[in-house]
file structure-v4.tsv (TSV, C-alpha atoms and all ligand atoms)
chain	number	residue	atom	x	y	z
A	1160	MET	CA	106.37	145.37	120.43
A	1161	ARG	CA	108.28	146.87	117.53
A	1162	LYS	CA	110.85	149.59	117.98
A	1163	ASN	CA	110.74	153.14	116.75
A	1164	ILE	CA	113.97	153.87	114.91
A	1165	VAL	CA	115.59	156.92	113.34
A	1166	ALA	CA	118.58	155.97	111.20
A	1167	GLY	CA	120.89	158.29	109.31
A	1168	ASN	CA	122.31	157.38	105.92
A	1169	TRP	CA	125.29	159.59	105.25
A	1170	LYS	CA	125.83	158.20	101.73
A	1171	MET	CA	129.13	159.28	100.09
A	1172	ASN	CA	129.58	162.37	102.21
A	1173	THR	CA	132.21	163.64	104.70
A	1174	THR	CA	135.89	162.88	105.12
A	1175	VAL	CA	136.86	160.71	108.10
A	1176	ALA	CA	137.61	163.81	110.20
A	1177	GLU	CA	134.29	165.45	109.26
A	1178	GLY	CA	132.41	162.22	109.91
A	1179	VAL	CA	133.98	161.79	113.34
A	1180	GLU	CA	133.01	165.37	114.15
A	1181	LEU	CA	129.42	164.80	113.03
A	1182	ALA	CA	129.18	161.55	114.99
A	1183	LYS	CA	130.56	163.28	118.07
A	1184	ASN	CA	127.96	166.03	117.71
A	1185	VAL	CA	125.11	163.53	117.46
A	1186	ASN	CA	126.53	161.56	120.39
A	1187	GLU	CA	126.80	164.75	122.44
A	1188	ALA	CA	123.23	165.78	121.58
A	1189	LEU	CA	121.98	162.41	122.84
A	1190	LYS	CA	123.62	162.81	126.25
A	1191	GLY	CA	121.05	163.30	128.96
A	1192	VAL	CA	118.24	162.71	126.46
A	1193	THR	CA	116.07	159.62	126.32
A	1194	PRO	CA	114.51	159.62	122.87
A	1195	ASN	CA	111.42	157.55	122.13
A	1196	CYS	CA	113.34	155.72	119.44
A	1197	ASP	CA	116.58	153.88	118.75
A	1198	VAL	CA	119.07	156.11	116.96
A	1199	ILE	CA	121.46	154.74	114.34
A	1200	ILE	CA	123.97	156.31	111.96
A	1201	GLY	CA	124.92	154.61	108.69
A	1202	VAL	CA	128.36	155.81	107.61
A	1203	PRO	CA	130.93	155.09	104.86
A	1204	PHE	CA	133.13	151.99	105.36
A	1205	THR	CA	136.23	154.14	105.83
A	1206	HIS	CA	134.64	155.86	108.84
A	1207	LEU	CA	133.34	152.87	110.79
A	1208	THR	CA	136.28	152.19	113.09
A	1209	SER	CA	136.97	155.83	113.91
A	1210	VAL	CA	133.30	156.65	114.48
A	1211	ASN	CA	132.84	153.57	116.63
A	1212	ALA	CA	135.61	154.84	118.91
A	1213	VAL	CA	133.84	158.13	119.69
A	1214	ILE	CA	130.20	157.12	120.22
A	1215	ASP	CA	128.36	155.61	123.15
A	1216	SER	CA	127.03	152.42	121.60
A	1217	ASN	CA	124.28	152.23	124.25
A	1218	LYS	CA	122.74	155.41	122.84
A	1219	LEU	CA	123.83	155.46	119.21
A	1220	GLY	CA	123.95	152.44	116.90
A	1221	LEU	CA	126.47	152.25	114.09
A	1222	GLY	CA	125.94	150.80	110.64
A	1223	ALA	CA	127.55	150.46	107.23
A	1224	GLU	CA	125.80	151.48	104.02
A	1225	ASN	CA	126.44	148.23	102.15
A	1226	CYS	CA	128.31	144.94	102.28
A	1227	ALA	CA	129.49	142.39	99.73
A	1228	ASP	CA	127.42	139.47	98.46
A	1229	LYS	CA	130.44	137.18	98.90
A	1230	LYS	CA	132.09	135.88	102.05
A	1231	SER	CA	135.75	136.64	101.26
A	1232	GLY	CA	138.36	136.21	98.58
A	1233	ALA	CA	139.35	137.72	95.26
A	1234	TYR	CA	136.74	140.49	95.02
A	1235	THR	CA	138.88	143.60	94.72
A	1236	GLY	CA	137.32	146.66	96.30
A	1237	GLU	CA	134.53	144.83	98.10
A	1238	VAL	CA	133.91	144.91	101.86
A	1239	SER	CA	132.44	141.80	103.47
A	1240	ALA	CA	129.82	141.56	106.19
A	1241	SER	CA	132.41	140.05	108.55
A	1242	MET	CA	134.74	143.01	107.91
A	1243	VAL	CA	131.89	145.39	108.73
A	1244	ALA	CA	131.08	143.45	111.92
A	1245	SER	CA	134.75	143.51	112.93
A	1246	THR	CA	134.65	147.33	113.15
A	1247	GLY	CA	132.03	147.19	115.89
A	1248	ALA	CA	129.14	148.15	113.58
A	1249	LYS	CA	125.85	146.44	114.37
A	1250	TYR	CA	123.76	147.40	111.33
A	1251	VAL	CA	124.05	147.43	107.56
A	1252	ILE	CA	121.86	149.28	105.08
A	1253	LEU	CA	121.06	146.94	102.18
A	1254	GLY	CA	119.26	147.43	98.88
A	1255	HIS	CA	119.23	151.19	98.88
A	1256	SER	CA	117.73	152.39	95.60
A	1257	GLU	CA	121.01	154.09	94.71
A	1258	ARG	CA	122.75	150.71	94.96
A	1259	ARG	CA	120.03	149.06	92.87
A	1260	GLN	CA	120.00	151.85	90.30
A	1261	TYR	CA	123.69	152.75	89.88
A	1262	TYR	CA	125.46	149.53	90.90
A	1263	GLY	CA	123.15	146.94	89.47
A	1264	GLU	CA	122.10	145.27	92.71
A	1265	THR	CA	119.37	142.73	92.13
A	1266	VAL	CA	116.90	140.87	94.29
A	1267	GLU	CA	119.27	137.88	94.06
A	1268	THR	CA	122.45	139.68	95.15
A	1269	LEU	CA	120.49	141.32	97.95
A	1270	LYS	CA	119.33	137.94	99.14
A	1271	GLU	CA	122.98	136.87	99.46
A	1272	LYS	CA	123.96	140.09	101.21
A	1273	THR	CA	121.12	139.69	103.69
A	1274	LEU	CA	122.16	136.13	104.53
A	1275	LEU	CA	125.79	137.15	105.04
A	1276	ALA	CA	124.81	140.14	107.17
A	1277	LEU	CA	122.68	137.92	109.41
A	1278	GLU	CA	125.38	135.24	109.60
A	1279	ASN	CA	127.75	137.91	110.90
A	1280	GLY	CA	125.36	139.22	113.50
A	1281	LEU	CA	124.52	142.43	111.64
A	1282	THR	CA	120.99	143.80	111.55
A	1283	PRO	CA	120.03	144.62	107.95
A	1284	ILE	CA	118.12	147.83	107.29
A	1285	PHE	CA	116.57	146.57	104.09
A	1286	CYS	CA	115.37	149.20	101.62
A	1287	ILE	CA	112.50	148.81	99.18
A	1288	GLY	CA	110.57	151.29	97.08
A	1289	GLU	CA	109.27	152.20	93.65
A	1290	VAL	CA	110.37	154.73	91.03
A	1291	LEU	CA	108.10	157.56	89.88
A	1292	SER	CA	106.66	155.77	86.83
A	1293	GLU	CA	105.68	152.81	89.02
A	1294	ARG	CA	103.98	155.15	91.49
A	1295	GLU	CA	102.12	156.84	88.62
A	1296	ASN	CA	101.00	153.68	86.86
A	1297	GLY	CA	99.87	152.10	90.13
A	1298	THR	CA	102.27	149.12	90.09
A	1299	TYR	CA	104.05	150.19	93.29
A	1300	PHE	CA	102.37	147.55	95.41
A	1301	ASP	CA	103.66	144.82	93.09
A	1302	VAL	CA	107.12	146.37	92.98
A	1303	VAL	CA	107.64	146.33	96.75
A	1304	LYS	CA	106.03	142.88	97.00
A	1305	ASN	CA	108.51	141.51	94.49
A	1306	GLN	CA	111.48	143.17	96.22
A	1307	ILE	CA	110.54	141.72	99.61
A	1308	GLU	CA	109.48	138.28	98.42
A	1309	LYS	CA	112.48	137.63	96.21
A	1310	SER	CA	115.14	138.83	98.67
A	1311	LEU	CA	113.69	138.08	102.10
A	1312	PHE	CA	110.85	135.59	102.09
A	1313	ASP	CA	113.09	132.53	102.05
A	1314	LEU	CA	114.33	133.52	105.50
A	1315	SER	CA	113.10	131.65	108.56
A	1316	ALA	CA	110.64	133.57	110.73
A	1317	GLU	CA	113.40	133.91	113.31
A	1318	ASP	CA	115.79	135.51	110.84
A	1319	PHE	CA	113.11	137.69	109.24
A	1320	GLY	CA	112.36	138.96	112.74
A	1321	LYS	CA	115.85	140.50	112.82
A	1322	ILE	CA	115.28	142.68	109.74
A	1323	ILE	CA	114.38	146.38	109.77
A	1324	LEU	CA	112.51	147.42	106.63
A	1325	ALA	CA	112.80	150.87	105.09
A	1326	TYR	CA	110.26	151.96	102.50
A	1327	GLU	CA	111.82	154.66	100.36
A	1328	PRO	CA	109.94	155.87	97.28
A	1329	VAL	CA	112.74	156.67	94.83
A	1330	TRP	CA	110.89	159.77	93.62
A	1331	ALA	CA	111.12	161.23	97.14
A	1332	ILE	CA	114.82	160.59	97.79
A	1333	GLY	CA	116.84	163.79	97.80
A	1334	THR	CA	114.18	165.54	95.74
A	1335	GLY	CA	112.45	167.53	98.47
A	1336	LYS	CA	109.23	165.67	97.53
A	1337	THR	CA	108.03	163.66	100.49
A	1338	ALA	CA	105.35	161.01	100.30
A	1339	SER	CA	102.32	162.36	102.15
A	1340	ASP	CA	101.66	160.75	105.53
A	1341	ASP	CA	98.67	159.01	103.97
A	1342	GLN	CA	100.69	157.70	101.03
A	1343	ALA	CA	103.31	156.39	103.48
A	1344	GLU	CA	100.70	154.81	105.74
A	1345	GLU	CA	98.97	153.10	102.80
A	1346	ILE	CA	102.07	151.31	101.59
A	1347	HIS	CA	103.50	150.63	105.06
A	1348	ALA	CA	100.23	148.94	106.03
A	1349	TYR	CA	100.41	146.91	102.82
A	1350	ILE	CA	104.02	145.87	103.54
A	1351	ARG	CA	103.02	144.79	107.04
A	1352	SER	CA	100.15	142.77	105.58
A	1353	LEU	CA	102.60	140.94	103.30
A	1354	VAL	CA	104.76	140.07	106.31
A	1355	GLU	CA	101.69	138.89	108.21
A	1356	THR	CA	100.56	136.65	105.36
A	1357	LYS	CA	104.01	135.07	105.16
A	1358	TYR	CA	105.15	134.97	108.82
A	1359	GLY	CA	102.04	135.60	110.91
A	1360	LYS	CA	100.70	138.42	113.01
A	1361	GLU	CA	103.32	138.42	115.73
A	1362	VAL	CA	106.29	138.78	113.38
A	1363	ALA	CA	104.41	141.44	111.38
A	1364	GLU	CA	103.56	143.45	114.48
A	1365	ASN	CA	107.18	143.30	115.63
A	1366	THR	CA	108.71	144.44	112.31
A	1367	SER	CA	109.87	148.05	112.26
A	1368	ILE	CA	109.09	149.73	108.92
A	1369	LEU	CA	110.89	153.04	108.41
A	1370	TYR	CA	110.00	155.72	105.89
A	1371	GLY	CA	112.74	157.39	103.85
A	1372	GLY	CA	112.72	160.16	101.30
A	1373	SER	CA	113.13	163.87	102.11
A	1374	CYS	CA	112.22	163.31	105.75
A	1375	LYS	CA	112.96	166.47	107.72
A	1376	PRO	CA	112.28	167.90	111.19
A	1377	THR	CA	109.28	169.71	109.69
A	1378	ASN	CA	107.50	166.64	108.30
A	1379	ALA	CA	108.77	163.87	110.58
A	1380	LYS	CA	106.12	164.28	113.27
A	1381	ALA	CA	103.21	163.85	110.87
A	1382	LEU	CA	104.83	160.83	109.20
A	1383	PHE	CA	105.73	159.17	112.51
A	1384	SER	CA	102.22	159.70	113.85
A	1385	LYS	CA	100.93	157.10	111.38
A	1386	PRO	CA	100.39	153.71	113.00
A	1387	ASN	CA	102.47	151.75	110.48
A	1388	VAL	CA	105.36	154.22	110.18
A	1389	ASP	CA	107.91	153.24	112.80
A	1390	GLY	CA	110.56	155.82	112.08
A	1391	GLY	CA	112.77	157.12	109.31
A	1392	LEU	CA	115.85	156.50	107.20
A	1393	ILE	CA	117.32	159.94	106.80
A	1394	GLY	CA	119.72	161.09	104.08
A	1395	GLY	CA	120.37	164.81	103.65
A	1396	ALA	CA	118.98	165.84	107.03
A	1397	ALA	CA	121.33	163.37	108.79
A	1398	LEU	CA	124.39	165.35	107.69
A	1399	ASN	CA	123.77	167.94	110.34
A	1400	ALA	CA	123.43	166.98	114.01
A	1401	GLU	CA	120.78	169.60	114.69
A	1402	SER	CA	118.43	168.62	111.87
A	1403	PHE	CA	119.01	164.91	112.59
A	1404	MET	CA	118.13	165.47	116.24
A	1405	GLY	CA	115.07	167.44	115.10
A	1406	ILE	CA	113.84	164.21	113.52
A	1407	VAL	CA	114.88	162.00	116.49
A	1408	THR	CA	112.87	164.20	118.84
A	1409	ALA	CA	109.84	164.14	116.54
A	1410	PHE	CA	108.88	160.89	118.32
B	1	LIG	P1	116.97	161.87	101.72
B	1	LIG	O1	117.55	160.39	101.51
B	1	LIG	O2	116.52	161.97	103.14
B	1	LIG	O3	118.10	162.79	101.39
B	1	LIG	O4	115.82	162.02	100.75
B	1	LIG	C1	116.96	159.30	102.14
B	1	LIG	C2	117.70	158.04	101.75
B	1	LIG	O5	118.10	157.90	100.59
B	1	LIG	O6	117.92	157.15	102.60
call {"tool": "encode", "arguments": {"input": "structure-v4.tsv", "output": "structure tokens"}}
result
Amino acid sequence: MRKNIVAGNWKMNTTVAEGVELAKNVNEALKGVTPNCDVIIGVPFTHLTSVNAVIDSNKLGLGAENCADKKSGAYTGEVSASMVASTGAKYVILGHSERRQYYGETVETLKEKTLLALENGLTPIFCIGEVLSERENGTYFDVVKNQIEKSLFDLSAEDFGKIILAYEPVWAIGTGKTASDDQAEEIHAYIRSLVETKYGKEVAENTSILYGGSCKPTNAKALFSKPNVDGGLIGGAALNAESFMGIVTAF
């Protein structure tokens, strides 16, 4: 059966010292607690090694927020999937809307990144989601279908089974506007149906689909109560151990 997951996405926030402190606080809060979900933090590249050293990896998973679409070589400033894996990280967030929007990531580059992440034993947390105009003109189903099909549907069923999906409506990210639980459930159920059509019922039932976009302790319970919402990808509220734990314990 699929896992419930709450994953933090710190984005471009915190210095190394602040990040280590935050990770320690989350780690501490998880001591003696058995949450009904896996807990992951996605942190900047610069923080991975130091954060890995202070967390209990049995209770708290560690991920990067991106990786390169190339293996190695003359790509100044890039960080490869094997470099990420060598820090001890087990996850990588891929295809976040901010990467697509501001750094020109395409369905093709994301396909390469996904393959390299999997080759290096990393679990991709693969983000999809529509912008406001696509929500308003009703094309959001086609948008997420295209994002999934073009980047992921050439994977074998075995490899697809390793992916965590995160549906994040761009209009809800960092805006304080959350998708309603019914809006989230509608599209999550649709995403699962796409996976079922391509890979069959078992793979679809085992795929965790997280919701992201202004998820907070106050709205997490209602969102997570929906049958096709298997957790959250948390931005702003993950920058504070208490609010992050408020979402973890919503399960
Ligand atoms: P938010 O970000 O929780 O701050 O809206 C979510 C995300 O971008 O992953």
call {"tool": "closest_residue", "arguments": {"input": "structure-v4.tsv", "among": "A:Gly1391, A:Gly1201, A:Gly1220, A:Gly1372", "to": "ligand LIG 1 (chain B)", "atoms": "all atoms listed in the file"}}
result
A:Gly1372
call {"tool": "residues_around", "arguments": {"input": "structure-v4.tsv", "residues": "segment 1178-1181 of chain A", "least_positions_apart": "3", "cutoff": "12 Å", "atoms": "all atoms listed in the file", "output": "PyMOL selection string"}}
result
chain A and resi 1167-1175+1184-1188+1200-1214+1397-1404
call {"tool": "residues_near_point", "arguments": {"input": "structure-v4.tsv", "point": "(108.4, 149.0, 120.1)", "cutoff": "12 Å", "atoms": "all atoms listed in the file", "output": "PDB file with C-alpha atoms, keeping the file's coordinate frame"}}
result
ATOM      1  CA  MET A1160     106.370 145.370 120.430  1.00  0.00           C
ATOM      2  CA  ARG A1161     108.280 146.870 117.530  1.00  0.00           C
ATOM      3  CA  LYS A1162     110.850 149.590 117.980  1.00  0.00           C
ATOM      4  CA  ASN A1163     110.740 153.140 116.750  1.00  0.00           C
ATOM      5  CA  ILE A1164     113.970 153.870 114.910  1.00  0.00           C
ATOM      6  CA  ASN A1195     111.420 157.550 122.130  1.00  0.00           C
ATOM      7  CA  CYS A1196     113.340 155.720 119.440  1.00  0.00           C
ATOM      8  CA  ASP A1197     116.580 153.880 118.750  1.00  0.00           C
ATOM      9  CA  GLU A1364     103.560 143.450 114.480  1.00  0.00           C
ATOM     10  CA  ASN A1365     107.180 143.300 115.630  1.00  0.00           C
ATOM     11  CA  THR A1366     108.710 144.440 112.310  1.00  0.00           C
ATOM     12  CA  SER A1367     109.870 148.050 112.260  1.00  0.00           C
ATOM     13  CA  ILE A1368     109.090 149.730 108.920  1.00  0.00           C
ATOM     14  CA  PRO A1386     100.390 153.710 113.000  1.00  0.00           C
ATOM     15  CA  ASN A1387     102.470 151.750 110.480  1.00  0.00           C
ATOM     16  CA  VAL A1388     105.360 154.220 110.180  1.00  0.00           C
ATOM     17  CA  ASP A1389     107.910 153.240 112.800  1.00  0.00           C
ATOM     18  CA  GLY A1390     110.560 155.820 112.080  1.00  0.00           C
TER      19      GLY A1390
END
call {"tool": "residues_near_ligand", "arguments": {"input": "structure-v4.tsv", "ligand": "ligand LIG 1 (chain B)", "cutoff": "8 Å", "atoms": "only C-alpha atoms and all ligand atoms", "output": "list in words"}}
result
Gly1167, Asn1168, Lys1170, His1255, Ser1256, Glu1257, Glu1327, Val1329, Ala1331, Ile1332, Gly1333, Thr1334, Gly1335, Thr1337, Gly1371, Gly1372, Ser1373, Cys1374, Lys1375, Leu1392, Ile1393, Gly1394, Gly1395, Ala1396 and Ala1397 of chain A
call {"tool": "write_last_selection", "arguments": {"input": "structure-v4.tsv", "atoms": "C-alpha atoms", "output": "short mmCIF file (atom, residue, chain, number, x, y, z; two decimals), keeping the file's coordinate frame"}}
result
data_model
loop_
_atom_site.label_atom_id
_atom_site.label_comp_id
_atom_site.auth_asym_id
_atom_site.auth_seq_id
_atom_site.Cartn_x
_atom_site.Cartn_y
_atom_site.Cartn_z
CA GLY A 1167 120.89 158.29 109.31
CA ASN A 1168 122.31 157.38 105.92
CA LYS A 1170 125.83 158.20 101.73
CA HIS A 1255 119.23 151.19 98.88
CA SER A 1256 117.73 152.39 95.60
CA GLU A 1257 121.01 154.09 94.71
CA GLU A 1327 111.82 154.66 100.36
CA VAL A 1329 112.74 156.67 94.83
CA ALA A 1331 111.12 161.23 97.14
CA ILE A 1332 114.82 160.59 97.79
CA GLY A 1333 116.84 163.79 97.80
CA THR A 1334 114.18 165.54 95.74
CA GLY A 1335 112.45 167.53 98.47
CA THR A 1337 108.03 163.66 100.49
CA GLY A 1371 112.74 157.39 103.85
CA GLY A 1372 112.72 160.16 101.30
CA SER A 1373 113.13 163.87 102.11
CA CYS A 1374 112.22 163.31 105.75
CA LYS A 1375 112.96 166.47 107.72
CA LEU A 1392 115.85 156.50 107.20
CA ILE A 1393 117.32 159.94 106.80
CA GLY A 1394 119.72 161.09 104.08
CA GLY A 1395 120.37 164.81 103.65
CA ALA A 1396 118.98 165.84 107.03
CA ALA A 1397 121.33 163.37 108.79
#
call {"tool": "atom_distance", "arguments": {"input": "structure-v4.tsv", "atom1": "atom CA of Trp1330 of chain A", "atom2": "atom CA of Arg1294 of chain A"}}
result
8.6 Å
call {"tool": "atom_distance", "arguments": {"input": "structure-v4.tsv", "atom1": "atom CA of Gly1405 of chain A", "atom2": "atom CA of Ala1379 of chain A"}}
result
8.5 Å
call {"tool": "atom_distance", "arguments": {"input": "structure-v4.tsv", "atom1": "atom CA of Asp1228 of chain A", "atom2": "atom CA of Tyr1326 of chain A"}}
result
21.6 Å
call {"tool": "closest_residue", "arguments": {"input": "structure-v4.tsv", "among": "A:Tyr1261, A:Tyr1370, A:Phe1285, A:Tyr1358", "to": "Glu1317 of chain A", "atoms": "only C-alpha atoms"}}
result
A:Tyr1358
call {"tool": "closest_residue", "arguments": {"input": "structure-v4.tsv", "among": "A:Thr1246, A:Thr1377, A:Ser1231, A:Thr1298", "to": "Val1407 of chain A", "atoms": "all atoms listed in the file"}}
result
A:Thr1377
call {"tool": "closest_residue", "arguments": {"input": "structure-v4.tsv", "among": "A:Phe1410, A:Tyr1349, A:Tyr1299, A:Phe1319", "to": "Lys1270 of chain A", "atoms": "all atoms listed in the file"}}
result
A:Phe1319
call {"tool": "closest_residue", "arguments": {"input": "structure-v4.tsv", "among": "A:Lys1309, A:Arg1351, A:Lys1385, A:Lys1321", "to": "Val1251 of chain A", "atoms": "only C-alpha atoms"}}
result
A:Lys1321
call {"tool": "closest_residue", "arguments": {"input": "structure-v4.tsv", "among": "A:Ile1323, A:Val1198, A:Leu1314, A:Cys1286", "to": "Arg1259 of chain A", "atoms": "all atoms listed in the file"}}
result
A:Cys1286
call {"tool": "residues_around", "arguments": {"input": "structure-v4.tsv", "residues": "Leu1353 of chain A", "least_positions_apart": "3", "cutoff": "10 Å", "atoms": "all atoms listed in the file", "output": "PDB file with C-alpha atoms, in the frame of the given file"}}
result
ATOM      1  CA  VAL A1303     107.640 146.330  96.750  1.00  0.00           C
ATOM      2  CA  LYS A1304     106.030 142.880  97.000  1.00  0.00           C
ATOM      3  CA  ILE A1307     110.540 141.720  99.610  1.00  0.00           C
ATOM      4  CA  GLU A1308     109.480 138.280  98.420  1.00  0.00           C
ATOM      5  CA  PHE A1312     110.850 135.590 102.090  1.00  0.00           C
ATOM      6  CA  HIS A1347     103.500 150.630 105.060  1.00  0.00           C
ATOM      7  CA  ALA A1348     100.230 148.940 106.030  1.00  0.00           C
ATOM      8  CA  TYR A1349     100.410 146.910 102.820  1.00  0.00           C
ATOM      9  CA  ILE A1350     104.020 145.870 103.540  1.00  0.00           C
ATOM     10  CA  THR A1356     100.560 136.650 105.360  1.00  0.00           C
ATOM     11  CA  LYS A1357     104.010 135.070 105.160  1.00  0.00           C
ATOM     12  CA  TYR A1358     105.150 134.970 108.820  1.00  0.00           C
ATOM     13  CA  GLY A1359     102.040 135.600 110.910  1.00  0.00           C
ATOM     14  CA  ALA A1363     104.410 141.440 111.380  1.00  0.00           C
TER      15      ALA A1363
END
call {"tool": "residues_around", "arguments": {"input": "structure-v4.tsv", "residues": "Lys1249 of chain A", "least_positions_apart": "5", "cutoff": "9 Å", "atoms": "only C-alpha atoms", "output": "list in words"}}
result
Gly1220, Leu1221, Gly1222, Ala1223, Val1243, Ala1244, Gly1280, Leu1281, Thr1282 and Pro1283 of chain A
call {"tool": "build_atoms", "arguments": {"input": "structure-v4.tsv", "residues": "segment 1375-1383 of chain A", "atoms": "all heavy atoms", "output": "mmCIF file, in the frame of the given file"}}
result
data_model
loop_
_atom_site.group_PDB
_atom_site.id
_atom_site.type_symbol
_atom_site.label_atom_id
_atom_site.label_comp_id
_atom_site.auth_asym_id
_atom_site.auth_seq_id
_atom_site.Cartn_x
_atom_site.Cartn_y
_atom_site.Cartn_z
ATOM 1 N N LYS A 1375 112.326 165.308 107.085
ATOM 2 C CA LYS A 1375 112.960 166.470 107.720
ATOM 3 C C LYS A 1375 112.302 166.722 109.082
ATOM 4 O O LYS A 1375 111.230 166.174 109.351
ATOM 5 C CB LYS A 1375 112.719 167.723 106.841
ATOM 6 C CG LYS A 1375 113.293 167.639 105.441
ATOM 7 C CD LYS A 1375 113.048 168.917 104.653
ATOM 8 C CE LYS A 1375 111.661 169.003 104.038
ATOM 9 N NZ LYS A 1375 111.454 168.201 102.840
ATOM 10 N N PRO A 1376 112.925 167.593 109.905
ATOM 11 C CA PRO A 1376 112.280 167.900 111.190
ATOM 12 C C PRO A 1376 110.857 168.424 111.002
ATOM 13 O O PRO A 1376 109.989 168.165 111.835
ATOM 14 C CB PRO A 1376 113.187 168.992 111.785
ATOM 15 C CG PRO A 1376 114.513 168.784 111.149
ATOM 16 C CD PRO A 1376 114.249 168.258 109.776
ATOM 17 N N THR A 1377 110.605 169.110 109.896
ATOM 18 C CA THR A 1377 109.280 169.710 109.690
ATOM 19 C C THR A 1377 108.191 168.708 109.299
ATOM 20 O O THR A 1377 107.013 168.963 109.522
ATOM 21 C CB THR A 1377 109.355 170.795 108.581
ATOM 22 O OG1 THR A 1377 110.124 170.266 107.501
ATOM 23 C CG2 THR A 1377 109.981 172.070 109.095
ATOM 24 N N ASN A 1378 108.558 167.587 108.695
ATOM 25 C CA ASN A 1378 107.500 166.640 108.300
ATOM 26 C C ASN A 1378 107.545 165.323 109.075
ATOM 27 O O ASN A 1378 106.675 164.469 108.920
ATOM 28 C CB ASN A 1378 107.522 166.384 106.786
ATOM 29 C CG ASN A 1378 108.871 165.836 106.298
ATOM 30 O OD1 ASN A 1378 109.608 165.225 107.060
ATOM 31 N ND2 ASN A 1378 109.180 166.059 105.029
ATOM 32 N N ALA A 1379 108.591 165.158 109.913
ATOM 33 C CA ALA A 1379 108.770 163.870 110.580
ATOM 34 C C ALA A 1379 107.612 163.544 111.537
ATOM 35 O O ALA A 1379 107.129 162.407 111.586
ATOM 36 C CB ALA A 1379 110.086 163.855 111.352
ATOM 37 N N LYS A 1380 107.158 164.519 112.265
ATOM 38 C CA LYS A 1380 106.120 164.280 113.270
ATOM 39 C C LYS A 1380 104.852 163.691 112.638
ATOM 40 O O LYS A 1380 104.288 162.719 113.130
ATOM 41 C CB LYS A 1380 105.787 165.590 113.995
ATOM 42 C CG LYS A 1380 105.566 165.410 115.477
ATOM 43 C CD LYS A 1380 105.218 166.711 116.177
ATOM 44 C CE LYS A 1380 105.082 166.471 117.657
ATOM 45 N NZ LYS A 1380 106.350 166.143 118.316
ATOM 46 N N ALA A 1381 104.429 164.312 111.539
ATOM 47 C CA ALA A 1381 103.210 163.850 110.870
ATOM 48 C C ALA A 1381 103.402 162.436 110.318
ATOM 49 O O ALA A 1381 102.523 161.573 110.469
ATOM 50 C CB ALA A 1381 102.855 164.815 109.740
ATOM 51 N N LEU A 1382 104.563 162.174 109.728
ATOM 52 C CA LEU A 1382 104.830 160.830 109.200
ATOM 53 C C LEU A 1382 104.853 159.799 110.323
ATOM 54 O O LEU A 1382 104.226 158.735 110.234
ATOM 55 C CB LEU A 1382 106.173 160.807 108.458
ATOM 56 C CG LEU A 1382 106.209 161.471 107.080
ATOM 57 C CD1 LEU A 1382 107.641 161.819 106.678
ATOM 58 C CD2 LEU A 1382 105.564 160.570 106.024
ATOM 59 N N PHE A 1383 105.556 160.126 111.411
ATOM 60 C CA PHE A 1383 105.730 159.170 112.510
ATOM 61 C C PHE A 1383 104.435 158.972 113.314
ATOM 62 O O PHE A 1383 104.348 158.043 114.118
ATOM 63 C CB PHE A 1383 106.852 159.611 113.469
ATOM 64 C CG PHE A 1383 108.228 159.707 112.833
ATOM 65 C CD1 PHE A 1383 109.279 160.295 113.524
ATOM 66 C CD2 PHE A 1383 108.472 159.209 111.564
ATOM 67 C CE1 PHE A 1383 110.544 160.383 112.956
ATOM 68 C CE2 PHE A 1383 109.733 159.299 110.980
ATOM 69 C CZ PHE A 1383 110.776 159.895 111.681
#
